[in-house]
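Colleague: Pasting a structure here, questions to come.
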Amino acid sequence: MKTKTLVQLLICLFLISLIGAQPTWRTCVRVVDGDTIVLDGNETIRLIGVDTPETKDPRKPVQYFGQEAYEFTKTMVEGKSVRLEYDHTKVDKYGRTLAYIYLEDGTFLNAEIIKQGYGFAYTIYAFKYLEEFRQYEREARENERGLWAPKEVTLIPIEEKEKEVTLIPFKETISPKALREKKPEINGDTIVYITATGKKYHSTDCRYLSKSKIPISLKEAVKKGYTPCSVCSSPILKTQKQEIENQKAVDRSEEVIVYITKTGSKYHRGTCSYLSRSKIPISLKDAVARGYTPCSRCNPPKK
């Protein structure tokens, strides 16, 4: 009798362990772009190790092959059940969950995006499949899949085409905001104005002050986190100058377009002779982040 009871107990424990080992399946309710999805419960997932061209960044135009990457991920996963696995870091600085995504048929979505040429291996941060993803990207390039395929016409916005023709040394390649008149440097006792709801401070005659106009010292405005209005050329403290210059450098690197090839490790100007067989547009910032280095022949922007 005791033996029978022991056997029943072991069977129960075995069944419980099986239940506990069953994967948890979630539903993808929406695809944000090629490397970001939203699951039931409104949880945003950023795919680990994958970087697809931007489609939703308000600071940038839709990047080359971004729409195709979005459509690919949407077709693969939207409305379907998925299983999540994690790496050493579970949440990024934007509060998104970092995960590997698997479909019910066993497809590893993160890897499949890179294999089919819809994204790059995102190797800035270490993750357990880093070397595999690098190999998948090399194979996609060599086989001219997706964004690595030859294109007769590149989908570059008009303003970016102009940059391609008139690209000048980086120190002169500046964003439209930087072309505005330089803001005067002034001491912290100067009076500026803020609004009841805004995050900027303004000069006295700024049009954004039509509904509310609250006087405050420049020093206090900066201390509270207000930043200068770009419309009225509001004054800045000398201590702010370097911060603004640093941000301009970031803005420039995001706006300047350079070019890479399917197999090379360099980035180039649009007129470089090395681009005779393939010419893939990419922002300078993305090129540097992905490990590309400047071509020594055409001397493209460095930062």
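Ordering of the structure tokens sets the chain letters (A, B, ...); residue numbers start at 1 within each chain; ligands are numbered from 1 in the order shown.
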I'd like the contact shell of Ala69 in chain A - 7 Å cut-off, only C-alpha atoms, skipping same-chain residues fewer than 5 positions apart - returned as an MDAnalysis selection string.

Modeller: chainID A and resid 34 52 118

Colleague: Skipping near chain neighbours, those fewer than 3 positions away, what residues fall within 9 Å of Pro150 in chain A using only C-alpha atoms, listed as an NGL selection string?

Modeller: :A and (144-145 or 147 or 262 or 277-280)

Colleague: Report the distance between CA of Gly264 in chain A and CA of Ile48 in chain A in Å, rounded to one decimal place.

Modeller: 24.3 Å

Colleague: Give the strand (DSSP E) residues of range 73-103 of chain A, as DSSP finds them on the backbone, and put them as a PDB file with C-alpha atoms, in the first residue's frame.

Modeller:
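Output contents, as saved in result-v2.pdb:
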```
ATOM      1  CA  SER A  81       1.467  33.737 -30.251  1.00  0.00           C
ATOM      2  CA  VAL A  82       5.069  34.200 -29.204  1.00  0.00           C
ATOM      3  CA  ARG A  83       7.404  32.980 -26.498  1.00  0.00           C
ATOM      4  CA  LEU A  84      10.007  35.226 -24.837  1.00  0.00           C
ATOM      5  CA  GLU A  85      13.528  34.526 -23.679  1.00  0.00           C
ATOM      6  CA  THR A  97      11.554  44.791 -22.343  1.00  0.00           C
ATOM      7  CA  LEU A  98      14.602  43.311 -24.091  1.00  0.00           C
ATOM      8  CA  ALA A  99      13.868  39.825 -25.388  1.00  0.00           C
ATOM      9  CA  TYR A 100      14.386  37.098 -27.942  1.00  0.00           C
ATOM     10  CA  ILE A 101      11.106  36.191 -29.670  1.00  0.00           C
ATOM     11  CA  TYR A 102      10.148  32.676 -30.782  1.00  0.00           C
ATOM     12  CA  LEU A 103       7.052  31.738 -32.789  1.00  0.00           C
TER      13      LEU A 103
END
```

Colleague: If you count only C-alpha atoms, which residues fall within 12 Å of Glu112 in chain A, apart from same-chain ones fewer than 3 positions away, as JSON, numbers by chain?

Modeller: {"A": [34, 35, 47, 49, 50, 69, 72, 73, 76, 77, 100, 101, 102, 103, 106, 107, 108, 109, 115, 116, 117, 118, 119, 120, 121, 132, 133, 136, 137, 140, 145, 146]}

Colleague: A:Trp148, A:Tyr201, A:Tyr122, A:Tyr208: which is nearest Thr261 in chain A, counting only C-alpha atoms?

Modeller: A:Trp148

Colleague: Quick one: distance from CA of Ala149 in chain A to CA of Lys74 in chain A in Å, one decimal?

Modeller: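 Pair CA of Ala149 in chain A / CA of Lys74 in chain A returns 20.8 Å.
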
Colleague: Within 6 Å of Lys213 in chain A, counting only C-alpha atoms, which residues qualify if same-chain residues fewer than 4 places away don't, as a list in words?

Modeller: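 My list of contacting residues is Tyr193, Ile194, Thr195 and Leu209 of chain A.
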